[in-house]
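Data block for run-v8.txt (compact mmCIF, C-alpha atoms):
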```txt
# COMPACT_ATOMS: atom_id res chain seq x y z
CA GLU A 1 75.85 1.10 -24.76
CA ALA A 2 76.18 1.50 -28.53
CA VAL A 3 75.27 -2.13 -29.21
CA LEU A 4 72.46 -2.55 -26.68
CA SER A 5 71.16 1.03 -26.68
CA VAL A 6 70.96 0.96 -22.89
CA PRO A 7 73.04 2.83 -20.29
CA VAL A 8 75.79 0.71 -18.74
CA LEU A 9 76.82 1.35 -15.17
CA SER A 10 80.58 1.74 -14.96
CA GLU A 11 83.29 3.14 -12.73
CA LYS A 12 82.14 6.70 -13.46
CA HIS A 13 78.87 5.92 -11.64
CA LEU A 14 80.61 4.99 -8.38
CA ILE A 15 80.50 7.45 -5.51
CA ARG A 16 84.08 8.00 -4.49
CA ALA A 17 84.93 6.87 -0.96
CA GLY A 18 86.39 10.25 0.00
CA ASP A 19 83.31 12.11 -1.24
CA ARG A 20 81.04 9.71 0.61
CA ARG A 21 82.92 10.23 3.87
CA ASP A 22 82.91 14.02 3.45
CA MET A 23 79.16 14.10 2.91
CA SER A 24 78.16 11.55 5.56
CA ARG A 25 80.87 12.34 8.13
CA ALA A 26 81.10 8.60 8.72
CA PRO A 27 84.43 7.57 10.27
CA LEU A 28 86.64 4.96 8.64
CA PHE A 29 87.11 3.26 11.98
CA ARG A 30 86.24 4.21 15.53
CA ALA A 31 88.80 2.87 18.00
CA GLU A 32 87.18 1.73 21.24
CA ASP A 33 88.63 1.84 24.73
CA ARG A 34 89.54 -1.78 25.42
CA SER A 35 92.01 -3.56 27.66
CA ARG A 36 95.53 -4.19 26.33
CA ALA A 37 96.36 -6.62 29.15
CA THR A 38 96.60 -9.68 26.87
CA TRP A 39 98.94 -7.81 24.52
CA MET A 40 101.20 -6.74 27.37
CA GLN A 41 101.29 -10.30 28.69
CA ALA A 42 102.19 -11.64 25.24
CA SER A 43 105.04 -9.14 24.86
CA ARG A 44 106.44 -10.13 28.26
CA LEU A 45 106.26 -13.85 27.49
CA TRP A 46 107.38 -13.96 23.85
CA GLY A 47 108.45 -10.47 22.78
CA LEU A 48 107.41 -8.72 19.57
CA HIS A 49 108.74 -11.32 17.10
CA GLY A 50 110.66 -8.58 15.32
CA VAL A 51 107.62 -6.40 14.63
CA ASP A 52 108.22 -2.65 14.72
CA PRO A 53 107.09 -1.34 18.16
CA THR A 54 104.88 1.29 16.51
CA VAL A 55 103.04 -1.37 14.51
CA TRP A 56 102.73 -3.55 17.62
CA THR A 57 101.21 -0.61 19.53
CA GLN A 58 98.69 -0.04 16.75
CA MET A 59 97.73 -3.72 16.79
CA SER A 60 97.29 -3.70 20.56
CA LEU A 61 94.95 -0.71 20.26
CA PHE A 62 92.94 -1.94 17.26
CA PHE A 63 92.63 -5.70 17.77
CA GLU A 64 90.55 -7.07 20.60
CA THR A 65 91.84 -10.47 21.72
CA GLY A 66 90.91 -13.15 24.19
CA SER A 67 94.35 -14.44 25.15
CA ALA A 68 98.07 -13.70 25.06
CA ARG A 69 98.57 -16.62 22.67
CA GLU A 70 96.18 -15.01 20.21
CA CYS A 71 98.14 -11.74 20.45
CA SER A 72 101.34 -13.63 19.75
CA GLY A 73 99.72 -15.36 16.77
CA LEU A 74 98.66 -12.04 15.24
CA THR A 75 102.10 -10.55 15.90
CA GLN A 76 103.72 -13.48 14.10
CA ILE A 77 101.49 -12.88 11.08
CA ALA A 78 102.61 -9.24 11.03
CA ALA A 79 106.22 -10.36 11.40
CA GLY A 80 105.73 -12.59 8.34
CA GLY A 81 105.07 -9.54 6.20
CA ALA A 82 101.37 -8.68 6.73
CA SER A 83 100.64 -4.98 7.15
CA LEU A 84 97.88 -3.09 8.92
CA ARG A 85 95.09 -1.88 6.66
CA LEU A 86 91.51 -0.60 6.99
CA ASP A 87 88.86 -2.33 4.90
CA SER A 88 85.56 -4.19 5.02
CA PRO A 89 85.09 -7.90 4.25
CA LEU A 90 81.85 -6.96 2.47
CA LEU A 91 83.86 -4.92 -0.02
CA TRP A 92 85.92 -8.06 -0.68
CA GLY A 93 82.76 -9.96 -1.58
CA PHE A 94 81.98 -11.68 1.73
CA ASP A 95 78.25 -12.45 1.67
CA ARG A 96 77.95 -15.61 3.75
CA HIS A 97 76.71 -14.00 6.97
CA VAL A 98 75.89 -10.63 8.52
CA PRO A 99 78.88 -8.97 10.27
CA VAL A 100 77.89 -7.28 13.56
CA ASP A 101 79.66 -5.42 16.34
CA GLN A 102 79.93 -6.46 19.99
CA HIS A 103 76.43 -5.09 20.58
CA ASP A 104 74.93 -7.08 17.68
CA ARG A 105 74.52 -3.95 15.60
CA PHE A 106 74.84 -4.29 11.83
CA LEU A 107 78.30 -3.20 10.68
CA GLY A 108 77.56 -2.83 7.01
CA ALA A 109 80.62 -1.93 4.97
CA ALA A 110 82.38 -0.16 7.83
CA HIS A 111 86.14 -0.20 7.42
CA LEU A 112 87.81 -2.29 10.12
CA PRO A 113 91.49 -2.91 10.92
CA CYS A 114 92.85 -6.02 9.23
CA LEU A 115 96.17 -7.65 8.43
CA PHE A 116 96.88 -7.68 4.70
CA TYR A 117 99.52 -9.76 2.92
CA GLU A 118 100.39 -9.91 -0.77
CA GLN A 119 103.35 -11.61 -2.35
CA GLU A 120 103.64 -13.42 -5.67
CA LYS A 121 100.59 -15.71 -6.00
CA ILE A 122 99.35 -15.41 -2.40
CA THR A 123 97.10 -12.71 -0.98
CA PHE A 124 95.22 -12.75 2.29
CA ALA A 125 93.25 -10.33 4.45
CA LEU A 126 92.57 -11.22 8.08
CA TRP A 127 89.97 -9.50 10.28
CA PRO A 128 90.61 -10.58 13.92
CA GLN A 129 87.70 -11.19 16.30
CA MET A 130 85.05 -10.85 13.60
CA ARG A 131 81.50 -11.36 14.83
CA LEU A 132 79.10 -13.03 12.39
CA ARG A 133 75.38 -13.67 12.72
CA PRO A 134 74.26 -16.52 10.46
CA ALA A 135 70.89 -16.89 12.20
CA ASP A 136 69.68 -15.98 15.70
CA ILE A 137 73.07 -16.48 17.41
CA THR A 138 76.18 -14.33 17.00
CA TRP A 139 79.47 -16.22 16.75
CA CYS A 140 82.89 -14.65 17.23
CA LEU A 141 85.74 -15.92 15.06
CA ASP A 142 89.34 -15.52 16.13
CA GLY A 143 89.80 -14.36 12.57
CA LEU A 144 87.80 -14.08 9.34
CA LEU A 145 90.27 -14.85 6.57
CA PHE A 146 90.12 -14.15 2.85
CA PHE A 147 92.80 -16.28 1.19
CA ARG A 148 93.88 -16.33 -2.44
CA ARG A 149 96.51 -18.59 -3.98
CA GLY A 150 96.62 -18.33 -7.74
CA ALA A 151 93.09 -18.81 -9.04
CA GLN A 152 91.87 -20.25 -5.70
CA ARG A 153 89.88 -17.81 -3.58
CA ARG A 154 88.18 -18.77 -0.34
CA TRP A 155 86.80 -17.50 2.96
CA LEU A 156 88.03 -19.27 6.09
CA ASP A 157 87.67 -19.29 9.86
CA LEU A 158 91.07 -18.93 11.58
CA GLU A 159 91.09 -20.26 15.14
CA PHE A 160 93.86 -20.12 17.75
CA ASP A 161 93.26 -23.04 20.13
CA GLY A 162 94.44 -22.92 23.73
CA GLY A 163 95.70 -25.86 25.71
CA GLY A 164 93.24 -28.72 26.07
CA HIS A 165 90.89 -27.30 23.44
CA ASP A 166 88.52 -29.88 21.96
CA PRO A 167 87.33 -28.74 18.48
CA ARG A 168 84.41 -31.19 18.70
CA ASN A 169 82.80 -28.77 21.14
CA ASP A 170 82.64 -26.22 18.31
CA LEU A 171 80.76 -28.42 15.87
CA TYR A 172 77.39 -26.66 16.16
CA ARG A 173 79.10 -23.29 15.71
CA ALA A 174 81.00 -24.59 12.68
CA TYR A 175 77.79 -26.04 11.25
CA GLN A 176 76.11 -22.65 11.53
CA LEU A 177 79.03 -20.80 9.95
CA GLN A 178 79.84 -23.29 7.18
CA LEU A 179 83.36 -21.92 6.82
CA PRO A 180 86.40 -24.18 6.37
CA GLU A 181 88.64 -23.92 9.41
CA VAL A 182 92.34 -23.24 9.86
CA ARG A 183 93.30 -24.23 13.41
CA ILE A 184 96.61 -23.42 15.07
CA THR A 185 97.35 -24.85 18.50
CA GLY A 186 98.78 -23.08 21.51
CA GLU A 187 101.97 -25.10 21.24
CA GLU A 188 102.40 -24.10 17.60
CA ILE A 189 101.92 -20.46 18.57
CA LYS A 190 104.54 -20.76 21.31
CA ALA A 191 106.91 -22.34 18.77
CA GLY A 192 106.57 -19.30 16.50
CA GLU A 193 105.09 -21.29 13.60
CA VAL A 194 101.89 -19.30 12.99
CA PHE A 195 102.74 -17.55 9.71
CA ARG A 196 104.22 -20.66 8.08
CA LEU A 197 101.32 -22.85 9.18
CA LEU A 198 98.74 -20.31 8.02
CA LEU A 199 100.16 -20.33 4.49
CA GLU A 200 100.45 -24.12 4.58
CA ARG A 201 97.00 -24.96 5.95
CA ALA A 202 94.77 -22.30 4.36
CA PRO A 203 94.76 -23.87 0.85
CA LEU A 204 93.88 -27.28 2.35
CA ALA A 205 91.28 -26.19 4.92
CA ARG A 206 88.04 -28.16 4.97
CA LEU A 207 84.75 -28.14 6.84
CA PRO A 208 84.72 -30.30 9.97
CA ASP A 209 82.95 -33.65 10.05
CA PHE A 210 79.39 -32.83 11.11
CA SER A 211 78.22 -36.45 11.41
CA PRO A 212 78.28 -36.41 15.27
CA LEU A 213 75.54 -33.75 15.17
CA ARG A 214 73.19 -36.18 13.40
CA ARG A 215 73.50 -38.96 15.95
```
Kindly return the structure encoded in the file as structure tokens.
Amino acid sequence: EAVLSVPVLSEKHLIRAGDRRDMSRAPLFRAEDRSRATWMQASRLWGLHGVDPTVWTQMSLFFETGSARECSGLTQIAAGGASLRLDSPLLWGFDRHVPVDQHDRFLGAAHLPCLFYEQEKITFALWPQMRLRPADITWCLDGLLFFRRGAQRRWLDLEFDGGGHDPRNDLYRAYQLQLPEVRITGEEIKAGEVFRLLLERAPLARLPDFSPLRR
């Protein structure tokens, strides 16, 4: 300010999150009434992978899932050291596409449950079942993943693939999203390898080969 003779916006100009919530009465997160059947099935088949039952209950209430394998995959990530947090991918700098809810309504910077992990040079935040609208179609990701290793920072699409899944069928979706993919198979989930494979594959994730779409 002294050098340029202009006011500089700084931290003192930010509206504090608590003040904003008090004035707007906007909730951090509104839990919806959704089925926990897939979570119960996963616990019967594979247990809780050592996750505290209270944390598992919170996950089953907060995270909508499409299959028991997906529930097991998320539980394994929590067992690897990820904790439940509330935050928005927009506040982490995600600007690729518009996040929407299940009714295609704009989410904005609403705080959503995520799994957060931080240790040494690795940090990641995972928002399960994130719906993104890159154009006129809404696509649902098994997980929107922010991943940092050292100076490398990237946004990824985490997908849990069931038996017989053919990723070539997702090419148009992947082309619309333009997010490198981390894919973990059903067999790898059953083997309890999700957390290790996530850390191993995220730094190497690439976009699929889109050449079949041009034929």
Looking at A:Leu107, A:Cys71, A:Leu112, A:Leu141, which one is nearest to Arg85 of chain A, with distances taken over all atoms listed in the file? A:Leu112
So which residues touch Gly50 of chain A within 10 Å, counting all atoms listed in the file, skipping near sequence neighbours fewer than 3 positions away, as JSON, numbers by chain? {"A": [47, 53, 56, 75, 76, 78, 79, 80]}
Name the closest residue to Ser43 of chain A among the candidates A:Arg20, A:Arg173, A:Arg154, A:Arg69; distances are taken between atoms, counting all atoms listed in the file. A:Arg69
Closest of A:Asp170, A:Gly18, A:Met40, A:Gly73 to Leu197 of chain A - atom-to-atom distances counting only C-alpha atoms: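 Checking each of A:Asp170, A:Gly18, A:Met40, A:Gly73 against Leu197 of chain A, counting only C-alpha atoms, the winner is A:Gly73.
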When you draw a straight line from atom CA of Phe29 of chain A to atom CA of Glu181 of chain A, how long is it in Å? 27.3 Å
When you count only C-alpha atoms, which of these residues is closest to Glu159 of chain A: A:His49, A:Lys12, A:Arg201, A:His97? A:Arg201
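Ranking A:Leu179, A:Ile77, A:Ala82, A:Val55 by their shortest atom-to-atom distance to Gln119 of chain A, with all atoms listed in the file included, puts A:Ala82 first.
When atom CA of Ala205 of chain A is paired with atom CA of Gln176 of chain A, their separation reads 16.9 Å.
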Quick one: residues within 7 Å of Gly186 of chain A, only C-alpha atoms counted, chain neighbours fewer than 3 positions away excluded, as a VMD selection string? chain A and resid 69 160 to 163 189 to 190
Edge lengths and centre in Å, axis-aligned, segment 126-133 of chain A plus 8 Å each side, as AutoDock Vina command-line options:
```
--center_x 84.0 --center_y -11.6 --center_z 12.2 --size_x 33.2 --size_y 20.2 --size_z 24.2
```
Would you mind putting N, CA and C atoms back on segment 71-96 of chain A and writing the result as a PDB file, keeping the file's coordinate frame?
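Everything below was put into rebuild_33.pdb:
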```
ATOM      1  N   CYS A  71      97.338 -12.924  20.757  1.00  0.00           N
ATOM      2  CA  CYS A  71      98.140 -11.740  20.450  1.00  0.00           C
ATOM      3  C   CYS A  71      99.458 -12.138  19.794  1.00  0.00           C
ATOM      4  N   SER A  72     100.085 -13.161  20.330  1.00  0.00           N
ATOM      5  CA  SER A  72     101.340 -13.630  19.750  1.00  0.00           C
ATOM      6  C   SER A  72     101.133 -14.147  18.339  1.00  0.00           C
ATOM      7  N   GLY A  73     100.013 -14.850  18.099  1.00  0.00           N
ATOM      8  CA  GLY A  73      99.720 -15.360  16.770  1.00  0.00           C
ATOM      9  C   GLY A  73      99.569 -14.235  15.762  1.00  0.00           C
ATOM     10  N   LEU A  74      98.841 -13.178  16.133  1.00  0.00           N
ATOM     11  CA  LEU A  74      98.660 -12.040  15.240  1.00  0.00           C
ATOM     12  C   LEU A  74      99.979 -11.314  14.993  1.00  0.00           C
ATOM     13  N   THR A  75     100.795 -11.202  16.042  1.00  0.00           N
ATOM     14  CA  THR A  75     102.100 -10.550  15.900  1.00  0.00           C
ATOM     15  C   THR A  75     102.987 -11.335  14.944  1.00  0.00           C
ATOM     16  N   GLN A  76     102.929 -12.663  15.016  1.00  0.00           N
ATOM     17  CA  GLN A  76     103.720 -13.480  14.100  1.00  0.00           C
ATOM     18  C   GLN A  76     103.283 -13.300  12.654  1.00  0.00           C
ATOM     19  N   ILE A  77     101.987 -13.115  12.444  1.00  0.00           N
ATOM     20  CA  ILE A  77     101.490 -12.880  11.080  1.00  0.00           C
ATOM     21  C   ILE A  77     102.022 -11.545  10.565  1.00  0.00           C
ATOM     22  N   ALA A  78     102.035 -10.526  11.428  1.00  0.00           N
ATOM     23  CA  ALA A  78     102.610  -9.240  11.030  1.00  0.00           C
ATOM     24  C   ALA A  78     104.105  -9.375  10.764  1.00  0.00           C
ATOM     25  N   ALA A  79     104.788 -10.164  11.590  1.00  0.00           N
ATOM     26  CA  ALA A  79     106.220 -10.360  11.400  1.00  0.00           C
ATOM     27  C   ALA A  79     106.514 -11.089  10.090  1.00  0.00           C
ATOM     28  N   GLY A  80     105.552 -11.878   9.601  1.00  0.00           N
ATOM     29  CA  GLY A  80     105.730 -12.590   8.340  1.00  0.00           C
ATOM     30  C   GLY A  80     105.583 -11.704   7.120  1.00  0.00           C
ATOM     31  N   GLY A  81     105.175 -10.463   7.324  1.00  0.00           N
ATOM     32  CA  GLY A  81     105.070  -9.540   6.200  1.00  0.00           C
ATOM     33  C   GLY A  81     103.700  -8.925   6.010  1.00  0.00           C
ATOM     34  N   ALA A  82     102.705  -9.290   6.843  1.00  0.00           N
ATOM     35  CA  ALA A  82     101.370  -8.680   6.730  1.00  0.00           C
ATOM     36  C   ALA A  82     101.392  -7.279   7.323  1.00  0.00           C
ATOM     37  N   SER A  83     100.666  -6.372   6.701  1.00  0.00           N
ATOM     38  CA  SER A  83     100.640  -4.980   7.150  1.00  0.00           C
ATOM     39  C   SER A  83      99.238  -4.606   7.601  1.00  0.00           C
ATOM     40  N   LEU A  84      99.166  -3.572   8.421  1.00  0.00           N
ATOM     41  CA  LEU A  84      97.880  -3.090   8.920  1.00  0.00           C
ATOM     42  C   LEU A  84      97.166  -2.288   7.840  1.00  0.00           C
ATOM     43  N   ARG A  85      95.910  -2.609   7.626  1.00  0.00           N
ATOM     44  CA  ARG A  85      95.090  -1.880   6.660  1.00  0.00           C
ATOM     45  C   ARG A  85      93.706  -1.659   7.274  1.00  0.00           C
ATOM     46  N   LEU A  86      92.916  -0.810   6.631  1.00  0.00           N
ATOM     47  CA  LEU A  86      91.510  -0.600   6.990  1.00  0.00           C
ATOM     48  C   LEU A  86      90.661  -0.976   5.792  1.00  0.00           C
ATOM     49  N   ASP A  87      89.737  -1.925   5.998  1.00  0.00           N
ATOM     50  CA  ASP A  87      88.860  -2.330   4.900  1.00  0.00           C
ATOM     51  C   ASP A  87      87.705  -3.146   5.467  1.00  0.00           C
ATOM     52  N   SER A  88      86.732  -3.427   4.615  1.00  0.00           N
ATOM     53  CA  SER A  88      85.560  -4.190   5.020  1.00  0.00           C
ATOM     54  C   SER A  88      85.521  -5.521   4.277  1.00  0.00           C
ATOM     55  N   PRO A  89      85.225  -6.623   4.963  1.00  0.00           N
ATOM     56  CA  PRO A  89      85.090  -7.900   4.250  1.00  0.00           C
ATOM     57  C   PRO A  89      83.959  -7.877   3.228  1.00  0.00           C
ATOM     58  N   LEU A  90      82.936  -7.047   3.449  1.00  0.00           N
ATOM     59  CA  LEU A  90      81.850  -6.960   2.470  1.00  0.00           C
ATOM     60  C   LEU A  90      82.364  -6.408   1.142  1.00  0.00           C
ATOM     61  N   LEU A  91      83.311  -5.497   1.203  1.00  0.00           N
ATOM     62  CA  LEU A  91      83.860  -4.920  -0.020  1.00  0.00           C
ATOM     63  C   LEU A  91      84.779  -5.912  -0.742  1.00  0.00           C
ATOM     64  N   TRP A  92      85.134  -6.982  -0.070  1.00  0.00           N
ATOM     65  CA  TRP A  92      85.920  -8.060  -0.680  1.00  0.00           C
ATOM     66  C   TRP A  92      85.002  -9.171  -1.199  1.00  0.00           C
ATOM     67  N   GLY A  93      83.700  -8.982  -1.045  1.00  0.00           N
ATOM     68  CA  GLY A  93      82.760  -9.960  -1.580  1.00  0.00           C
ATOM     69  C   GLY A  93      82.224 -10.945  -0.572  1.00  0.00           C
ATOM     70  N   PHE A  94      82.502 -10.743   0.725  1.00  0.00           N
ATOM     71  CA  PHE A  94      81.980 -11.680   1.730  1.00  0.00           C
ATOM     72  C   PHE A  94      80.479 -11.491   1.879  1.00  0.00           C
ATOM     73  N   ASP A  95      79.707 -12.546   1.579  1.00  0.00           N
ATOM     74  CA  ASP A  95      78.250 -12.450   1.670  1.00  0.00           C
ATOM     75  C   ASP A  95      77.640 -13.666   2.356  1.00  0.00           C
ATOM     76  N   ARG A  96      78.462 -14.396   3.099  1.00  0.00           N
ATOM     77  CA  ARG A  96      77.950 -15.610   3.750  1.00  0.00           C
ATOM     78  C   ARG A  96      77.020 -15.279   4.920  1.00  0.00           C
TER      79      ARG A  96
END
```
